[in-house]
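K.L.:
To start, I am sharing the structure in question, which I have written as structure tokens.
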Amino acid sequence: MSDQYLMETIVYGSKVLNDLYMHGFIESCNEKVFLAFTKALQECSKMHYELYKAMENAKFYTCKNALESKIKQTKDKIDAEIQKQKGKEK
């Protein structure tokens, strides 16, 4: 197995784990559980970030900034959909 495949597999696993921790965090029933899931989510998110940085340094993953025009286009589309939904509610 290649290093890239192994890292991609670990990143996928950390995404799944982050999702589970997030749901535990959101749906926690008391403060002790809430704090436990908060800590677990923070630690797992940090690990996930560090994995992406390692993949980027190994040239397995490249991060590109979105073009400002694409961001505006997406924002305008979402704003239009929100306005459309608000019009239906009246």
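Residues in the structure tokens are numbered from 1 in each chain, the chains being A, B, ... in the order shown, and ligands are numbered from 1 in the order shown.
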Counting only C-alpha atoms, what is within 12 Å of Gly13 in chain A, bar same-chain residues fewer than 4 positions away, as a VMD selection string?
P.N.:
chain A and resid 6 to 9 17 to 20 44 to 45 47 to 48 51
K.L.:
What are the DSSP alpha helix (DSSP H) residues of chain A, as a PyMOL selection string?
P.N.:
chain A and resi 3-26+31-57+68-89
K.L.:
Just want the 12 Å neighbourhood of His23 in chain A, counted on only C-alpha atoms, with same-chain residues fewer than 2 positions away dropped. Output as a list in words.
P.N.:
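Contacts, with the query itself left out: Val16, Leu17, Asn18, Asp19, Leu20, Tyr21, Phe25, Ile26, Glu27, Ser28, Cys29, Val33, Phe34, Phe37, Thr38, Ala40 and Leu41 of chain A.
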K.L.:
Could you please take those selected residues and save C-alpha atoms as a tab-separated table (two decimals), in the first residue's frame?
P.N.:
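part10.tsv, freshly written:
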```tsv
chain	number	residue	atom	x	y	z
A	16	VAL	CA	-16.28	9.55	10.36
A	17	LEU	CA	-15.03	9.87	13.93
A	18	ASN	CA	-15.46	13.66	13.87
A	19	ASP	CA	-19.04	13.19	12.69
A	20	LEU	CA	-19.78	10.77	15.54
A	21	TYR	CA	-18.23	13.10	18.11
A	25	PHE	CA	-21.63	16.85	21.35
A	26	ILE	CA	-24.94	18.12	19.93
A	27	GLU	CA	-27.11	15.47	21.55
A	28	SER	CA	-25.36	15.25	24.93
A	29	CYS	CA	-27.74	14.80	27.84
A	33	VAL	CA	-21.15	14.02	28.57
A	34	PHE	CA	-21.12	17.40	26.82
A	37	PHE	CA	-17.60	15.00	23.57
A	38	THR	CA	-16.38	18.60	23.32
A	40	ALA	CA	-12.98	14.48	21.93
A	41	LEU	CA	-14.24	16.60	19.02
```
K.L.:
Please, what distance in Å, to one decimal, runs between CA of Glu56 in chain A and CA of Glu68 in chain A?
P.N.:
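Between CA of Glu56 in chain A and CA of Glu68 in chain A the gap is 22.7 Å.
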K.L.:
Could you list, as a PyMOL selection string, every residue within 12 Å of Tyr52 in chain A, counting only C-alpha atoms and ignoring same-chain residues fewer than 2 positions away?
P.N.:
chain A and resi 4+7-12+14-15+45-50+54-63
